[in-house]
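This report refers to the structure that appears directly beneath it.
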Number of protein chains: 2
Amino acid sequence: MSSHPPLPPEFLASLTALLGDRLSTSAAVREHHGRDESIFQAMPPDAVAFVRNTAEVVATVKMCQQYRVPIVPYGAGSSLEGHTLAARGGLTLNLQQMDQVLTIHDQDQTATVQPGVTRKALNAALRDTGLFFPVDPGADASFGGMCATRASGTNAVRYGTMRENVLNLTVVTADGEVITTGRRAKKSAAGYDLTRLFVGSEGTLGVVVEATVRTYPLPESILAAVCAFPDINTAVQAVVQSIQLGVPLARCEFVDSVAIRAINAYSKTGLPEQPHLFFEFHGSASGVREQVELVQEICNEGGGAQFQWARTPEERTKLWEARHNTYFAALQLRPGCRSVVTDVCVPISQLAECVNDTARDLQQSGMLAPIVGHVGDGNFHVQMLVDAASHAEVEAAEQLNARLVARALAMDGTCTGEHGVGLHKQGFLIDELGSASVNVMRQIKHAMDPHNIMNPGKIFAF
Amino acid sequence: MSSHPPLPPEFLASLTALLGDRLSTSAAVREHHGRDESIFQAMPPDAVAFVRNTAEVVATVKMCQQYRVPIVPYGAGSSLEGHTLAARGGLTLNLQQMDQVLTIHDQDQTATVQPGVTRKALNAALRDTGLFFPVDPGADASFGGMCATRASGTNAVRYGTMRENVLNLTVVTADGEVITTGRRAKKSAAGYDLTRLFVGSEGTLGVVVEATVRTYPLPESILAAVCAFPDINTAVQAVVQSIQLGVPLARCEFVDSVAIRAINAYSKTGLPEQPHLFFEFHGSASGVREQVELVQEICNEGGGAQFQWARTPEERTKLWEARHNTYFAALQLRPGCRSVVTDVCVPISQLAECVNDTARDLQQSGMLAPIVGHVGDGNFHVQMLVDAASHAEVEAAEQLNARLVARALAMDGTCTGEHGVGLHKQGFLIDELGSASVNVMRQIKHAMDPHNIMNPGKIFAF
């Protein structure tokens with residue numbers, strides 16, 4: 001049972017007057033919105049509001065402010081650190097019906113979307129323009145959520161993360177003001193960078209109601225390939241060399257042998273059960289040829305096998321779907337399990353040592369835990385498959401994660417490359433940046449949301 | 001005369017005890033630090049502190065906090081919007097002696113510098129690594145200043161601005177705490193993006209004492225060229241087409257015929273007095289060839305002349321020095337004049353119209369005012385040469401600028417692409433983002449610097 005006070009009846013009455021049956025207090029709806037992809041026990045909100053436009057968001061936020069009701073923005077529910085859980089009860093603001101692609105400026109290579117638009121939906125809308133949106137965290141996440149967690153994924157090595165790809169936001173602040181953080185100019189020096197402040201703020205500073213993002217011309221030539229390696233170290237070293245030589249890899253994913261086993265079973269592929277790199281190359285026809293020749297040479301010298309090519313769009317789709325489904329594939333390795341997923345990111349010179357030491361640690365622990373990663377950025381994930389009901393297993397996973405984070409921090413890395421802090425990494429955040437730095441974040445939070453109604457309990461306990 | 005209260009004698013005594021003769025109250029030193037490259041009358045500080053290390057910055061800031069003395073961080077003095085002027089008196093913190101390149105991690109392509117290091121000094125330090133730092137605002141600005149103004153310049157079209165190229169900062173906050181904003185990992189989702197908050201904060205939130213920046217492998221092949229056009233429109237259209245086709249131009253500068261005249265006189269070049277584009281191409285040998293062929297074809301179809309090549313490093317240096325010296329060259333067109341420099345940036349689809357309308361407006365005004373710009377980003381500058389003593393001329397320049405800003409804002413552009421707000425664009429900032437958005441900036445400023453000692457009067461009056 002929740003230890004939070006129940007929602008005031010006047011609040012519920014006002015919200016019902018606004019939203020009608022788009023305000024739900026049903027147990028099933030609340031339960032569904034109390035989860036994400038993390039291992040945390042559900043923390044259901046007291047009610048869920050399905051809003052359709054910015055005016056409704058404003059009115060809802062103002063009511064929450066008036067009655068001091070916590071408000072949790074909710075997009076696709078694909079977060080991994082408990083971001084959408086209602087840690088202090090209150091109202092979940094479901095933004096899925098705000099799903100319009102508002103404008104596409106193809107000549108400027110920008111698009112403006114509502115927060116409920118997913119990355120696949122935007123790419124479908126862009127289909128006839130010759131443009132695409134590159135940020136791809138695997139899940140078909142919403143733009144509101146991707147902004148909130150500063151998402152990245154497989155393409156970030158070439159095209160950057162949400163940090164680099166959001167041009168401006170329209171945000172409803174905690175007191176219900178609608179603000180815009182910038183214009184569509186490619187760069188600006190006009191005041192504090194509120195865009196980047198909201199990107200990664202995990203819903204704790206306001207509700208994103210519009211995002212203008214960069215899009216890119218579809219490359220003239222795209223080639224994808226997989227390459228098997230005898231061991232983890234040789235695979236990672238091939239990546240490090242390619243990055244240090246400045247090869248503009250579009251995707252560069254590490255997949256260990258456990259993950260390959262999961263992929264083979266789930267996606268009906270027949271890859272050898274060895275560590276692999278999955279590559280994608282973008283450019284002109286000759287540019288891609290140059291990249292491929294160089295990387296293939298690096299891989300072969302390092303002991304990698306011949307590249308297996310995915311030449312057609314269909315083959316590429318199959319390859320990347322298999323990679324994206326690794327998370328779910330891995331869960332099938334142990335039916336009924338849940339995942340504790342790590343997310344460190346280290347400077348590229350430290351990557352091989354970090355992955356090697358982590359693999360050794362996992363082996364000693366006996367934990368079933370595939371390793372995959374966006375290794376071109378120095379970012380990798382260990383997906384530890386645990387019985388959520390077993391305190392001992394969850395504790396062992398947390399200890400492995402704590403050791404991994406300590407290892408990454410000692411290498412000048414971060415505890416989270418792309419998943420965010422959420423409920424889970426608040427102590428690591430302080431380890432990483434120091435309490436003085438986190439106190440500055442708290443000062444900002446307190447100034448912008450003095451009554452702590454915006455997704456309270458995330459990033460810091462406050 | 002200053003209308004500010006004099007510095008408290010106890011404050012001066014304490015600071016003298018700390019810094020000895022590195023605290024100066026001489027009129028000449030104060031006067032020198034009361035200027036930048038803008039047209040503003042000098043606003044000298046009451047004293048200037050020449051600090052040598054972070055501990056001295058901390059002690060100085062704490063004294064300023066104790067006595068509520070305004071503090072103005074000062075690097076190379078090359079700002080253009082009055083950033084370093086002591087608008088409320090107080091202490092200027094000269095950081096030029098903090099000029100050490102602290103670490104170069106060549107394998108990770110990062111470098112950590114003190115705030116007094118200039119971009120040329122870092123590039124000299126990088127010489128043997130095969131790496132370079134791309135952000136190039138023309139002036140040999142300091143890293144502290146480039147961070148503070150979110151600087152960019154000629155290379156930003158390919159390599160991004162300071163926003164994209166600062167990995168983390170060490171900052172002394174208004175209460176004298178030393179905080180770090182991030183690690184050396186290429187990406188992170190660990191809490192609010194304090195790095196990007198300080199980048200562009202114009203010294204109003206803290207003093208940058210260390211910056212870790214990204215560096216890049218020197219390209220295998222570099223080619224530079226200039227191309228003359230019959231008129232402004234055809235030159236700008238060639239840029240727009242090249243950008244929309246996704247050509248990864250490393251530099252793409254527009255220089256109008258007035259600026260060419262100034263360059264020819266100042267740098268002893270013999271360019272035809274027509275609008276020009278100055279290009280630089282980076283890549284592999286074949287990649288550069290591809291880019292050049294495509295851009296040359298676009299330029300020729302648009303009426304541009306044959307490319308004039310700068311093939312050797314010496315020729316390239318001469319070309320870009322000529323471009324960088326345009327500011328000083330233009331001042332020579334009218335001895336004794338000062339510049340009012342505009343800085344709008346618009347979406348690329350609007351660029352031709354914006355430049356054309358501006359050129360027409362200038363022509364009608366009779367103002368002597370070369371136009372140059374980082375047009376690949378949609379950013380250009382009008383350098384209006386005025387007699388600073390003539391109220392009518394300054395007023396006419398301000399009116400032209402106001403019309404230009406209104407034009408850019410109507411095109412979804414920004415009033416400042418790279419020079420910042422400073423003393424000069426505070427009204428434009430509100431026009432651009434709205435008062436609700438600027439109020440959020442004020443909330444942050446007030447939370448982080450409640451007594452408004454950090455560079456007060458910049459960005460907003462507060």
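Quick note on naming: the chains in the structure tokens go A, B, ... in the order shown, residues restart at 1 in each chain, and ligands are numbered from 1 in order of appearance.
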Problem - Picked from stretch 408-446 of chain B by DSSP as alpha helix (DSSP H), as a ChimeraX atom specification - result: /B:408-410,426-433,435-446
Export, as a compact mmCIF listing (two decimals), in the first residue's frame, the selected residues with C-alpha atoms.
```
# COMPACT_ATOMS: atom_id res chain seq x y z
CA ALA B 408 15.96 36.82 -38.30
CA LEU B 409 13.49 36.14 -35.49
CA ALA B 410 10.61 36.14 -37.99
CA GLN B 426 19.10 41.74 -23.43
CA GLY B 427 15.96 43.07 -25.09
CA PHE B 428 16.51 40.86 -28.14
CA LEU B 429 16.85 37.84 -25.86
CA ILE B 430 13.36 38.46 -24.53
CA ASP B 431 12.03 39.05 -28.06
CA GLU B 432 13.57 35.75 -29.08
CA LEU B 433 12.60 33.41 -26.26
CA SER B 435 9.89 36.57 -20.90
CA ALA B 436 8.72 33.29 -19.36
CA SER B 437 11.79 31.55 -20.74
CA VAL B 438 14.15 34.32 -19.67
CA ASN B 439 12.52 34.22 -16.23
CA VAL B 440 13.56 30.58 -15.92
CA MET B 441 17.13 31.72 -16.66
CA ARG B 442 16.78 34.34 -13.94
CA GLN B 443 15.52 31.71 -11.49
CA ILE B 444 18.62 29.66 -12.17
CA LYS B 445 20.88 32.69 -11.85
CA HIS B 446 19.25 33.69 -8.58
```
Near chain B, 6 Å: chain A residue rows, closest pairs, only C-alpha atoms, as JSON lines:
```
{"residue": "A:Gln107", "atom": "CA", "partner": "B:Ser349", "partner_atom": "CA", "distance": 5.9}
{"residue": "A:Asp108", "atom": "CA", "partner": "B:Ile348", "partner_atom": "CA", "distance": 5.7}
{"residue": "A:Arg150", "atom": "CA", "partner": "B:Ala189", "partner_atom": "CA", "distance": 5.9}
{"residue": "A:Ile179", "atom": "CA", "partner": "B:Ser437", "partner_atom": "CA", "distance": 5.1}
{"residue": "A:Arg183", "atom": "CA", "partner": "B:Asp412", "partner_atom": "CA", "distance": 5.5}
{"residue": "A:Arg184", "atom": "CA", "partner": "B:Asp412", "partner_atom": "CA", "distance": 5.6}
{"residue": "A:Ala185", "atom": "CA", "partner": "B:Pro347", "partner_atom": "CA", "distance": 4.7}
{"residue": "A:Lys187", "atom": "CA", "partner": "B:Gly417", "partner_atom": "CA", "distance": 5.6}
{"residue": "A:Ser188", "atom": "CA", "partner": "B:Gly417", "partner_atom": "CA", "distance": 4.1}
{"residue": "A:Ala189", "atom": "CA", "partner": "B:Gly420", "partner_atom": "CA", "distance": 4.7}
{"residue": "A:Ala190", "atom": "CA", "partner": "B:Gly420", "partner_atom": "CA", "distance": 5.7}
{"residue": "A:Tyr192", "atom": "CA", "partner": "B:Ser201", "partner_atom": "CA", "distance": 5.5}
{"residue": "A:Asp193", "atom": "CA", "partner": "B:Leu197", "partner_atom": "CA", "distance": 5.5}
{"residue": "A:Leu197", "atom": "CA", "partner": "B:Asp193", "partner_atom": "CA", "distance": 5.5}
{"residue": "A:Ser201", "atom": "CA", "partner": "B:Tyr192", "partner_atom": "CA", "distance": 5.6}
{"residue": "A:Cys345", "atom": "CA", "partner": "B:Ala185", "partner_atom": "CA", "distance": 5.8}
{"residue": "A:Val346", "atom": "CA", "partner": "B:Ala185", "partner_atom": "CA", "distance": 4.8}
{"residue": "A:Pro347", "atom": "CA", "partner": "B:Ala185", "partner_atom": "CA", "distance": 4.7}
{"residue": "A:Ile348", "atom": "CA", "partner": "B:Asp108", "partner_atom": "CA", "distance": 5.7}
{"residue": "A:Ser349", "atom": "CA", "partner": "B:Asp108", "partner_atom": "CA", "distance": 5.8}
{"residue": "A:Asp412", "atom": "CA", "partner": "B:Arg183", "partner_atom": "CA", "distance": 5.5}
{"residue": "A:Gly413", "atom": "CA", "partner": "B:Ala185", "partner_atom": "CA", "distance": 4.9}
{"residue": "A:Thr416", "atom": "CA", "partner": "B:Ala189", "partner_atom": "CA", "distance": 5.5}
{"residue": "A:Gly417", "atom": "CA", "partner": "B:Ser188", "partner_atom": "CA", "distance": 4.1}
{"residue": "A:Glu418", "atom": "CA", "partner": "B:Ala189", "partner_atom": "CA", "distance": 4.9}
{"residue": "A:Gly420", "atom": "CA", "partner": "B:Ala189", "partner_atom": "CA", "distance": 4.7}
{"residue": "A:Val421", "atom": "CA", "partner": "B:Ala190", "partner_atom": "CA", "distance": 5.9}
{"residue": "A:Ala436", "atom": "CA", "partner": "B:Ile179", "partner_atom": "CA", "distance": 6.0}
{"residue": "A:Ser437", "atom": "CA", "partner": "B:Ile179", "partner_atom": "CA", "distance": 5.1}
{"residue": "A:Gln443", "atom": "CA", "partner": "B:Ala447", "partner_atom": "CA", "distance": 5.9}
{"residue": "A:Ile444", "atom": "CA", "partner": "B:Ile444", "partner_atom": "CA", "distance": 5.7}
{"residue": "A:Ala447", "atom": "CA", "partner": "B:Gln443", "partner_atom": "CA", "distance": 5.9}
```
What would the file look like if the residues just selected were written as a CSV table (one decimal), in the first residue's frame with N, CA, C and O atoms?
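The resulting file, out.csv, is reproduced below:
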```
chain,number,residue,atom,x,y,z
A,107,GLN,N,14.2,21.2,-46.0
A,107,GLN,CA,15.4,22.0,-46.5
A,107,GLN,C,16.3,22.3,-45.4
A,107,GLN,O,17.5,22.4,-45.5
A,108,ASP,N,15.8,22.5,-44.2
A,108,ASP,CA,16.6,22.8,-43.0
A,108,ASP,C,17.0,21.5,-42.2
A,108,ASP,O,17.7,21.6,-41.3
A,150,ARG,N,18.0,11.8,-22.1
A,150,ARG,CA,19.2,12.1,-22.9
A,150,ARG,C,19.6,10.8,-23.6
A,150,ARG,O,20.8,10.4,-23.6
A,179,ILE,N,7.1,27.5,-22.0
A,179,ILE,CA,8.3,28.2,-22.5
A,179,ILE,C,8.9,27.5,-23.7
A,179,ILE,O,8.8,26.3,-23.9
A,183,ARG,N,15.3,28.6,-30.9
A,183,ARG,CA,14.8,28.7,-32.3
A,183,ARG,C,15.3,27.6,-33.1
A,183,ARG,O,16.0,26.7,-32.6
A,184,ARG,N,15.0,27.7,-34.4
A,184,ARG,CA,15.4,26.6,-35.3
A,184,ARG,C,16.8,26.9,-35.9
A,184,ARG,O,17.3,26.1,-36.8
A,185,ALA,N,17.5,27.9,-35.6
A,185,ALA,CA,18.8,28.2,-36.0
A,185,ALA,C,19.7,27.0,-35.6
A,185,ALA,O,19.5,26.5,-34.5
A,187,LYS,N,22.7,27.0,-34.5
A,187,LYS,CA,23.5,27.3,-33.3
A,187,LYS,C,23.0,28.7,-32.7
A,187,LYS,O,22.3,29.4,-33.5
A,188,SER,N,23.2,28.9,-31.5
A,188,SER,CA,22.8,30.2,-30.9
A,188,SER,C,23.6,30.4,-29.6
A,188,SER,O,24.1,29.4,-28.9
A,189,ALA,N,23.9,31.6,-29.3
A,189,ALA,CA,24.5,32.0,-28.0
A,189,ALA,C,23.6,32.9,-27.2
A,189,ALA,O,24.1,33.7,-26.4
A,190,ALA,N,22.3,32.7,-27.3
A,190,ALA,CA,21.3,33.5,-26.7
A,190,ALA,C,20.9,33.0,-25.3
A,190,ALA,O,20.0,32.3,-25.1
A,192,TYR,N,21.3,31.2,-21.3
A,192,TYR,CA,21.6,29.9,-20.8
A,192,TYR,C,21.0,28.8,-21.7
A,192,TYR,O,19.9,29.0,-22.3
A,193,ASP,N,21.6,27.7,-21.8
A,193,ASP,CA,21.2,26.6,-22.7
A,193,ASP,C,20.1,25.8,-22.0
A,193,ASP,O,20.3,24.7,-21.5
A,197,LEU,N,19.5,21.8,-20.7
A,197,LEU,CA,19.1,21.6,-19.2
A,197,LEU,C,18.0,20.7,-19.1
A,197,LEU,O,17.9,19.8,-18.3
A,201,SER,N,16.8,15.8,-18.0
A,201,SER,CA,16.3,16.2,-16.6
A,201,SER,C,15.3,15.2,-16.1
A,201,SER,O,14.8,15.4,-15.0
A,345,CYS,N,30.0,4.1,-19.2
A,345,CYS,CA,30.7,4.6,-20.4
A,345,CYS,C,32.0,5.2,-20.0
A,345,CYS,O,32.1,5.9,-19.0
A,346,VAL,N,33.1,4.7,-20.7
A,346,VAL,CA,34.4,5.1,-20.3
A,346,VAL,C,35.2,5.7,-21.5
A,346,VAL,O,34.8,5.5,-22.7
A,347,PRO,N,36.2,6.5,-21.3
A,347,PRO,CA,37.0,7.0,-22.4
A,347,PRO,C,37.5,5.7,-23.2
A,347,PRO,O,37.8,4.7,-22.6
A,348,ILE,N,37.6,5.9,-24.5
A,348,ILE,CA,37.8,4.8,-25.4
A,348,ILE,C,39.2,4.0,-25.1
A,348,ILE,O,39.3,2.8,-25.2
A,349,SER,N,40.2,4.8,-24.6
A,349,SER,CA,41.4,4.1,-24.3
A,349,SER,C,41.3,3.2,-23.1
A,349,SER,O,42.2,2.3,-22.9
A,412,ASP,N,37.8,7.5,-15.2
A,412,ASP,CA,37.2,8.8,-15.6
A,412,ASP,C,36.0,8.7,-16.5
A,412,ASP,O,35.7,9.5,-17.4
A,413,GLY,N,35.3,7.6,-16.3
A,413,GLY,CA,34.0,7.3,-17.0
A,413,GLY,C,32.8,7.7,-16.2
A,413,GLY,O,32.9,8.3,-15.1
A,416,THR,N,26.4,6.2,-16.0
A,416,THR,CA,25.4,6.0,-17.0
A,416,THR,C,25.6,6.8,-18.3
A,416,THR,O,25.7,8.0,-18.3
A,417,GLY,N,25.8,6.0,-19.3
A,417,GLY,CA,26.0,6.6,-20.6
A,417,GLY,C,24.7,7.1,-21.3
A,417,GLY,O,24.8,8.1,-22.0
A,418,GLU,N,23.6,6.4,-21.0
A,418,GLU,CA,22.4,6.8,-21.7
A,418,GLU,C,21.1,6.4,-21.0
A,418,GLU,O,20.0,6.9,-21.4
A,420,GLY,N,20.2,7.0,-17.7
A,420,GLY,CA,19.9,8.0,-16.7
A,420,GLY,C,20.0,7.5,-15.3
A,420,GLY,O,20.4,6.4,-15.1
A,421,VAL,N,19.7,8.4,-14.4
A,421,VAL,CA,19.8,8.1,-13.0
A,421,VAL,C,18.6,7.5,-12.4
A,421,VAL,O,18.7,6.5,-11.7
A,436,ALA,N,29.1,18.6,-4.1
A,436,ALA,CA,28.9,20.0,-4.4
A,436,ALA,C,28.3,20.2,-5.8
A,436,ALA,O,27.4,21.1,-6.0
A,437,SER,N,28.7,19.4,-6.7
A,437,SER,CA,28.1,19.4,-8.1
A,437,SER,C,26.6,19.0,-8.0
A,437,SER,O,25.7,19.7,-8.6
A,443,GLN,N,19.9,22.9,-6.3
A,443,GLN,CA,19.6,24.3,-6.3
A,443,GLN,C,18.7,24.7,-7.5
A,443,GLN,O,17.7,25.4,-7.4
A,444,ILE,N,19.1,24.2,-8.7
A,444,ILE,CA,18.3,24.4,-9.9
A,444,ILE,C,16.9,23.8,-9.8
A,444,ILE,O,15.9,24.5,-10.1
A,447,ALA,N,14.8,25.8,-7.4
A,447,ALA,CA,14.4,27.1,-8.0
A,447,ALA,C,13.3,26.9,-9.0
A,447,ALA,O,12.4,27.8,-9.1
```
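Note that atom CA of B:Phe380 and atom CA of B:Leu277 are 12.5 Å apart.
With only C-alpha atoms as the atoms that count, the residue of A:Ser3, A:Thr112, A:Gln274, A:Ser14 with the shortest distance to A:Val213 is A:Thr112.
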Exercise for the section: Find the residues near stretch 254-261 of chain B: any atom within 8 Å, counting only C-alpha atoms, skip ones fewer than 4 places away on the same chain, and give them as an MDAnalysis selection string. Expected result: chainID B and resid 232 235:236 265 271:278 326 330 369:375 380
Exercise for the section: Could you tell me how far atom CA of B:Ala305 lies from atom CA of B:Cys227, in Å and to one decimal? Expected result: 5.8 Å
Exercise for the section: Determine which residues of stretch 98-286 of chain B receive a DSSP assignment of strand (DSSP E or B), computed from the backbone, and state them as a ChimeraX atom specification. Expected result: /B:101-105,110-113,118,131-132,142,166-173,178-180,206-214,216-217,221-228,251-255,276-283
Exercise for the section: Could you check how far atom CA of B:Asn155 sits from atom CA of B:Trp320, in Å to one decimal? Expected result: 11.2 Å
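Among the candidates A:Gly203, A:Pro137, A:Pro70, A:Pro9, the one nearest to A:Tyr327 when counting only C-alpha atoms is A:Pro137.
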Handout entry: Exercise: A:Asp175 partners within 7 Å, only C-alpha atoms, chain neighbours under 4 positions left out, as a list in words
Key = Val61, Lys62 and Gln65 of chain A
